[in-house]
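Undergrad: Take a look at work.txt, compact mmCIF, C-alpha atoms:
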```
# COMPACT_ATOMS: atom_id res chain seq x y z
CA MET A 57 -9.26 -13.62 14.85
CA SER A 58 -12.81 -13.30 13.52
CA TRP A 59 -13.88 -14.40 10.03
CA LEU A 60 -14.54 -10.73 9.29
CA HIS A 61 -10.93 -9.77 10.05
CA ALA A 62 -9.55 -12.79 8.22
CA SER A 63 -11.57 -12.20 5.06
CA THR A 64 -10.83 -8.46 5.03
CA ALA A 65 -7.12 -9.19 5.55
CA PHE A 66 -7.16 -11.71 2.69
CA VAL A 67 -8.89 -9.35 0.25
CA ALA A 68 -6.69 -6.36 1.19
CA ALA A 69 -3.47 -8.39 0.83
CA PHE A 70 -4.66 -9.97 -2.43
CA LEU A 71 -5.56 -6.64 -4.04
CA ALA A 72 -2.45 -4.80 -2.78
CA SER A 73 -0.27 -7.62 -4.09
CA LEU A 74 -2.15 -7.67 -7.42
CA VAL A 75 -1.47 -3.96 -8.01
CA GLU A 76 2.20 -4.12 -7.07
CA CYS A 77 2.86 -7.37 -8.95
CA VAL A 78 1.37 -5.87 -12.12
CA GLU A 79 3.79 -2.95 -11.78
CA ALA A 80 6.75 -5.25 -11.11
CA LEU A 81 5.79 -7.51 -14.04
CA THR A 82 5.97 -4.54 -16.42
CA ILE A 83 9.61 -3.90 -15.50
CA VAL A 84 10.62 -7.60 -15.52
CA LEU A 85 9.02 -8.07 -18.96
CA ALA A 86 10.71 -4.96 -20.33
CA VAL A 87 14.13 -6.03 -19.01
CA GLY A 88 13.66 -9.68 -20.01
CA THR A 89 12.61 -8.99 -23.59
CA THR A 90 15.39 -6.42 -24.06
CA ARG A 91 18.35 -8.04 -22.30
CA GLY A 92 17.47 -11.71 -21.89
CA TRP A 93 15.50 -13.81 -19.45
CA ARG A 94 18.07 -15.67 -17.34
CA ALA A 95 19.47 -12.76 -15.33
CA SER A 96 16.08 -10.98 -15.28
CA LEU A 97 14.24 -13.96 -13.80
CA LEU A 98 17.08 -14.64 -11.37
CA GLY A 99 16.85 -11.01 -10.18
CA ALA A 100 13.07 -11.23 -9.75
CA GLY A 101 13.39 -14.63 -8.02
CA ALA A 102 16.13 -13.44 -5.65
CA SER A 103 13.98 -10.46 -4.67
CA THR A 104 10.95 -12.69 -4.04
CA VAL A 105 13.04 -14.87 -1.73
CA PHE A 106 14.38 -11.75 0.06
CA LEU A 107 10.82 -10.44 0.62
CA ALA A 108 9.58 -13.83 1.82
CA VAL A 109 12.46 -13.96 4.32
CA LEU A 110 11.42 -10.50 5.61
CA VAL A 111 7.89 -11.82 6.25
CA LEU A 112 9.26 -14.97 7.92
CA ILE A 113 11.52 -12.91 10.22
CA PHE A 114 9.24 -10.01 11.11
CA GLY A 115 5.91 -11.87 11.10
CA PRO A 116 6.57 -14.14 14.10
CA ALA A 117 8.58 -11.36 15.83
CA LEU A 118 5.53 -9.08 15.76
CA GLY A 119 3.57 -11.79 17.57
CA ARG A 120 5.75 -11.23 20.66
CA VAL A 121 4.82 -7.53 20.99
CA PRO A 122 2.02 -6.83 23.55
CA ILE A 123 -1.25 -6.71 21.65
CA THR A 124 -2.35 -3.14 22.51
CA THR A 125 1.09 -1.72 21.64
CA LEU A 126 1.10 -3.72 18.41
CA GLN A 127 -2.41 -2.55 17.49
CA LEU A 128 -1.53 1.09 18.13
CA VAL A 129 1.83 1.11 16.30
CA VAL A 130 0.67 -1.02 13.37
CA GLY A 131 -2.61 0.92 13.24
CA ILE A 132 -0.75 4.25 12.92
CA LEU A 133 1.54 2.85 10.19
CA LEU A 134 -1.40 1.25 8.36
CA LEU A 135 -3.36 4.50 8.49
CA LEU A 136 -0.41 6.54 7.17
CA PHE A 137 0.17 3.97 4.42
CA GLY A 138 -3.49 3.49 3.47
CA ILE A 139 -4.48 7.15 3.49
CA ARG A 140 -1.54 7.93 1.19
CA TRP A 141 -2.89 5.39 -1.35
CA LEU A 142 -6.44 6.66 -0.92
CA ARG A 143 -5.54 10.33 -1.43
CA LYS A 144 -3.56 9.48 -4.56
CA ALA A 145 -6.37 7.29 -5.94
CA ILE A 146 -8.92 10.09 -5.35
CA LEU A 147 -6.71 12.66 -7.10
CA ARG A 148 -6.05 10.23 -9.97
CA ALA A 149 -9.75 9.41 -10.37
CA ALA A 150 -10.48 13.14 -10.49
CA GLY A 151 -7.84 13.65 -13.18
CA VAL A 152 -5.68 15.89 -10.97
CA ILE A 153 -2.67 13.57 -11.28
CA SER A 154 -2.01 11.19 -14.16
CA ILE A 155 -3.08 7.54 -14.13
CA HIS A 156 -0.34 4.89 -13.90
CA ASP A 157 0.25 3.81 -17.51
CA GLU A 158 1.85 0.34 -17.73
CA ALA A 159 2.26 0.42 -21.52
CA ARG A 160 4.17 3.73 -21.35
CA ILE A 161 6.34 2.54 -18.43
CA TYR A 162 7.08 -0.68 -20.38
CA GLU A 163 8.33 1.27 -23.41
CA GLU A 164 10.35 3.66 -21.23
CA GLU A 165 12.03 0.78 -19.38
CA LYS A 166 12.85 -0.97 -22.68
CA ALA A 167 14.44 2.21 -24.01
CA LEU A 168 16.44 2.55 -20.79
CA MET A 169 17.69 -1.03 -21.07
CA ARG A 170 18.72 -0.53 -24.72
CA GLU A 171 20.65 2.62 -23.73
CA ALA A 172 22.59 0.54 -21.19
CA GLY A 173 24.25 -1.29 -24.12
CA ALA A 174 24.09 -4.86 -25.38
CA ALA A 175 23.77 -7.69 -22.87
CA PRO A 176 27.04 -9.65 -22.47
CA ARG A 177 26.74 -13.04 -24.18
CA ALA A 178 29.47 -14.88 -22.34
CA ARG A 179 28.95 -13.67 -18.77
CA PHE A 180 26.12 -12.91 -16.41
CA ASP A 181 24.09 -9.75 -17.18
CA THR A 182 24.37 -7.78 -13.95
CA ILE A 183 22.33 -4.85 -15.27
CA ALA A 184 19.30 -7.07 -15.96
CA PHE A 185 19.67 -8.83 -12.59
CA VAL A 186 19.91 -5.57 -10.60
CA ALA A 187 17.09 -3.87 -12.55
CA CYS A 188 14.69 -6.75 -11.87
CA PHE A 189 15.82 -7.26 -8.27
CA LYS A 190 15.31 -3.55 -7.56
CA ALA A 191 11.93 -3.34 -9.30
CA VAL A 192 10.48 -6.40 -7.55
CA THR A 193 11.93 -5.33 -4.18
CA LEU A 194 10.58 -1.78 -4.40
CA GLU A 195 7.10 -2.90 -5.45
CA GLY A 196 7.20 -5.89 -3.11
CA LEU A 197 8.10 -3.83 -0.05
CA GLU A 198 4.61 -2.32 -0.08
CA VAL A 199 3.09 -5.81 -0.28
CA THR A 200 5.38 -7.06 2.48
CA PHE A 201 4.37 -4.17 4.73
CA THR A 202 0.67 -4.75 3.99
CA VAL A 203 0.95 -8.47 4.74
CA LEU A 204 2.90 -7.90 7.96
CA ALA A 205 0.66 -5.07 9.16
CA ILE A 206 -2.76 -6.55 8.49
CA GLY A 207 -1.50 -10.00 9.41
CA ALA A 208 -0.11 -8.83 12.73
CA GLY A 209 -3.39 -9.45 14.54
CA GLY A 210 -3.28 -13.20 13.87
CA SER A 211 -4.07 -13.19 10.15
CA LEU A 212 -0.48 -13.47 8.89
CA LEU A 213 -1.04 -16.79 7.13
CA VAL A 214 -4.30 -15.62 5.53
CA ALA A 215 -2.74 -12.32 4.40
CA SER A 216 0.35 -14.14 3.05
CA LEU A 217 -1.89 -16.53 1.12
CA GLY A 218 -3.82 -13.62 -0.39
CA ALA A 219 -0.61 -11.89 -1.48
CA ALA A 220 0.95 -15.11 -2.83
CA LEU A 221 -2.20 -15.97 -4.78
CA ALA A 222 -2.21 -12.56 -6.48
CA ALA A 223 1.49 -12.92 -7.33
CA LEU A 224 0.89 -16.35 -8.88
CA LEU A 225 -2.05 -14.98 -10.87
CA VAL A 226 0.04 -12.12 -12.26
CA ILE A 227 2.98 -14.44 -13.06
CA ALA A 228 0.62 -16.83 -14.88
CA LEU A 229 -0.91 -13.98 -16.89
CA GLY A 230 2.58 -12.66 -17.68
CA LEU A 231 3.67 -16.09 -18.93
CA VAL A 232 0.59 -16.46 -21.13
CA LEU A 233 0.30 -12.91 -22.48
CA HIS A 234 3.98 -11.90 -22.55
CA ARG A 235 3.08 -8.22 -22.34
CA PRO A 236 2.25 -5.71 -19.56
CA LEU A 237 -1.18 -6.01 -17.97
CA ALA A 238 -2.19 -2.54 -19.07
CA ARG A 239 -5.92 -3.24 -18.81
CA VAL A 240 -5.91 -4.01 -15.11
CA PRO A 241 -7.86 -1.16 -13.47
CA GLU A 242 -4.97 -0.24 -11.17
CA ASN A 243 -6.47 2.96 -9.81
CA THR A 244 -9.75 1.26 -8.88
CA LEU A 245 -7.77 -1.46 -7.08
CA LYS A 246 -5.67 1.18 -5.31
CA PHE A 247 -8.90 2.93 -4.32
CA ILE A 248 -10.24 -0.26 -2.73
CA VAL A 249 -6.95 -1.12 -1.00
CA GLY A 250 -6.54 2.47 0.24
CA ILE A 251 -10.04 2.37 1.72
CA MET A 252 -9.51 -1.02 3.36
CA LEU A 253 -6.12 -0.15 4.86
CA THR A 254 -7.35 3.23 6.09
CA ALA A 255 -10.32 1.55 7.79
CA PHE A 256 -8.06 -1.17 9.24
CA GLY A 257 -5.63 1.47 10.53
CA ILE A 258 -8.30 3.56 12.27
CA PHE A 259 -9.91 0.43 13.72
CA TRP A 260 -6.63 -0.78 15.17
CA ILE A 261 -5.70 2.61 16.59
CA GLY A 262 -9.06 2.64 18.38
CA GLU A 263 -8.44 -0.88 19.68
CA GLY A 264 -4.91 0.04 20.77
CA LEU A 265 -6.22 3.06 22.68
CA ARG A 266 -8.93 0.82 24.18
CA PHE A 267 -11.74 2.92 22.70
CA PRO A 268 -14.86 0.76 22.34
CA TRP A 269 -16.13 0.53 18.75
CA PRO A 270 -19.89 0.65 18.21
CA GLY A 271 -20.83 -2.73 16.72
CA GLN A 272 -17.34 -4.06 17.63
CA ASP A 273 -15.76 -5.76 14.57
CA PHE A 274 -18.64 -4.68 12.33
CA ALA A 275 -17.45 -1.09 12.75
CA LEU A 276 -14.81 -2.06 10.18
CA ILE A 277 -17.52 -2.67 7.56
CA GLY A 278 -19.23 0.59 8.52
CA MET A 279 -15.99 2.51 8.10
CA ILE A 280 -15.28 0.88 4.73
CA ALA A 281 -18.76 1.87 3.52
CA ALA A 282 -18.37 5.42 4.85
CA LEU A 283 -14.94 5.75 3.24
CA VAL A 284 -16.35 4.64 -0.13
CA LEU A 285 -18.92 7.46 0.04
CA LEU A 286 -16.34 9.91 1.34
CA SER A 287 -13.93 9.04 -1.48
CA MET A 288 -16.65 9.55 -4.09
CA LEU A 289 -17.31 12.94 -2.53
CA GLY A 290 -13.55 13.62 -2.58
CA VAL A 291 -13.41 12.86 -6.32
CA ARG A 292 -16.29 15.30 -6.93
CA ILE A 293 -14.65 18.00 -4.83
CA ALA A 294 -11.31 17.53 -6.62
CA ARG A 295 -12.96 17.57 -10.06
CA ALA A 296 -14.78 20.79 -9.23
CA GLN A 297 -11.50 22.67 -8.58
CA MET B 10 25.89 3.35 1.33
CA SER B 11 23.74 4.43 -1.60
CA ALA B 12 21.76 1.17 -1.40
CA PHE B 13 21.14 1.86 2.31
CA ARG B 14 20.01 5.40 1.50
CA VAL B 15 17.68 4.12 -1.20
CA ALA B 16 16.22 1.59 1.26
CA ILE B 17 15.62 4.27 3.92
CA LYS B 18 14.12 6.62 1.33
CA GLU B 19 11.78 3.89 0.08
CA LEU B 20 10.72 2.95 3.61
CA TRP B 21 10.04 6.61 4.42
CA GLY B 22 8.13 6.95 1.16
CA LEU B 23 5.81 4.11 2.18
CA PHE B 24 4.28 6.36 4.83
CA VAL B 25 5.08 9.93 3.86
CA GLU B 26 4.29 11.45 0.49
CA ASP B 27 2.44 14.64 1.26
CA ALA B 28 3.82 16.07 4.51
CA THR B 29 0.58 17.88 5.38
CA LEU B 30 -1.37 14.61 5.06
CA THR B 31 1.04 12.84 7.42
CA ILE B 32 1.03 15.70 9.93
CA GLY B 33 -2.76 15.95 9.73
CA THR B 34 -3.16 12.20 10.30
CA LEU B 35 -0.80 12.24 13.29
CA ALA B 36 -2.61 15.32 14.66
CA CYS B 37 -5.95 13.44 14.50
CA ILE B 38 -4.42 10.50 16.39
CA ALA B 39 -2.90 12.86 19.00
CA LEU B 40 -6.28 14.57 19.37
CA ALA B 41 -8.01 11.23 19.98
CA THR B 42 -5.30 10.03 22.37
CA PHE B 43 -4.73 13.10 24.53
CA VAL B 44 -7.51 15.65 24.04
CA LEU B 45 -10.75 13.65 23.83
CA PRO B 46 -10.29 11.89 27.22
CA ARG B 47 -9.31 15.17 28.91
CA ILE B 48 -12.33 17.14 27.73
CA GLY B 49 -14.63 14.40 28.94
CA VAL B 50 -15.79 12.90 25.65
CA PRO B 51 -17.52 9.61 26.59
CA ALA B 52 -15.45 6.50 25.77
CA HIS B 53 -17.93 5.16 23.21
CA TRP B 54 -17.72 8.38 21.18
CA ARG B 55 -13.93 8.53 20.97
CA ALA B 56 -13.40 5.93 18.21
CA PRO B 57 -16.11 7.40 15.93
CA ALA B 58 -14.67 10.88 16.63
CA LEU B 59 -11.25 9.65 15.49
CA PHE B 60 -12.78 8.31 12.28
CA ILE B 61 -14.64 11.56 11.59
CA ALA B 62 -11.52 13.65 12.25
CA VAL B 63 -9.43 11.55 9.83
CA ALA B 64 -12.20 11.62 7.21
CA LEU B 65 -12.56 15.41 7.35
CA MET B 66 -8.80 15.88 7.30
CA LEU B 67 -8.56 13.69 4.18
CA LEU B 68 -11.29 15.66 2.40
CA GLU B 69 -9.58 18.94 3.25
CA ASN B 70 -6.26 17.56 1.97
CA VAL B 71 -7.84 16.38 -1.30
CA TYR B 72 -9.48 19.82 -1.75
CA ARG B 73 -6.13 21.55 -1.21
CA GLY B 74 -4.27 19.04 -3.39
CA ALA B 75 -6.71 19.63 -6.25
CA ARG B 76 -6.34 23.43 -5.99
CA LYS B 77 -2.53 23.32 -6.26
```
Rewrite the structure of this file - the entire thing - as structure tokens.
TA:
Amino acid sequence: MSWLHASTAFVAAFLASLVECVEALTIVLAVGTTRGWRASLLGAGASTVFLAVLVLIFGPALGRVPITTLQLVVGILLLLFGIRWLRKAILRAAGVISIHDEARIYEEEKALMREAGAAPRARFDTIAFVACFKAVTLEGLEVTFTVLAIGAGGSLLVASLGAALAALLVIALGLVLHRPLARVPENTLKFIVGIMLTAFGIFWIGEGLRFPWPGQDFALIGMIAALVLLSMLGVRIARAQ
Amino acid sequence: MSAFRVAIKELWGLFVEDATLTIGTLACIALATFVLPRIGVPAHWRAPALFIAVALMLLENVYRGARK
């Protein structure tokens, strides 16, 4: 594992986790403030443990797959995953599809929780637990996949650290601010993550097919730079329609 | 059962959102894997060709997505 791979894996995992944790925090805050904190935090905590177990099971298991097969399969999945994010970020930046609005989602979730009726005082609030477990699991699955995929080449610990650091940062901000992090530039972050994962995916597919890359590992940087320019062009093209 | 269905749907959704984008991406990979070696493209050009194919496919998809 080169420093270039390790640092790119760390940044990609950190940013992907940051985006998804911000989205999960919005739901947990909405449920917690509406129905109470005990069941909400237990739901979020149980989901975090579930996702960590997934990483602990699948991470080492991936290490047993032959490297070229692993690079090809993970590369294809990373490319499909990353290019989906990138396309969406381009279309959002161009105004073709709406930007993710945390404040609006927060209010919608609060209204949904109020509609579900009052939280039971005497017994455990299953609705709050399930809502938070589901929200954190759905958002966290994307982080788990990112960590497993970009960590599969020997950077699992680095990628996990990046993701965990972002989660801690978002939790700390949530505790201090007690409101959704609506000012986080989510689409810009998704843009960057989409570009990085797309570049990673193409690089690994090439490695898996044993195609030599010009400049070897530095081809990754070249692809990231080219994808930045290409995405800016994509935004212009989409805006012009 | 419904939880299992939700899980499968979410997993599928991680990789497939716009079917044409997924098909286009897989077509680029298939092109690089099977076609480029057969038509004699030198080995050191194959990886950059894969990148260019994916990049062009993405631009075309964005153009089409914006026109919808």
Undergrad: Find, counting only C-alpha atoms, the residue in B:Met66, B:Ile17, B:Ala56, B:Ala28 that gets nearest to chain A.
TA: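 The answer is B:Ala56, which sits nearest to chain A.
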Undergrad: Could you check which residues have any atom within 12 Å of (-10.3, 20.1, -2.0), counting only C-alpha atoms with coordinates taken straight from the file, and then list them as a list in words?
TA: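 Every polymer residue passing the test: Arg143, Ile146, Leu147, Ala150, Val152, Ser287, Leu289, Gly290, Val291, Arg292, Ile293, Ala294, Arg295, Ala296 and Gln297 of chain A; Leu65, Met66, Leu67, Leu68, Glu69, Asn70, Val71, Tyr72, Arg73, Gly74, Ala75, Arg76 and Lys77 of chain B.
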Undergrad: Which one of A:Phe267, A:Ser216, A:Gly101, A:Leu110 sits closest to Pro51 (chain B) if you count only C-alpha atoms?
TA: A:Phe267
Undergrad: So what do you get for CA of Ala62 (chain A) versus CA of Glu76 (chain A), distance-wise?
TA: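 One can read the CA of Ala62 (chain A) to CA of Glu76 (chain A) distance as 21.1 Å.
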Undergrad: How many Å lie between CA of Ser96 (chain A) and CA of Cys188 (chain A), rounded to one decimal?
TA: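 Result for CA of Ser96 (chain A) versus CA of Cys188 (chain A): 5.6 Å, one decimal.
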Undergrad: Could you tell me how far CA of Leu245 (chain A) sits from CA of Gly138 (chain A), in Å to one decimal place?
TA: 12.4 Å
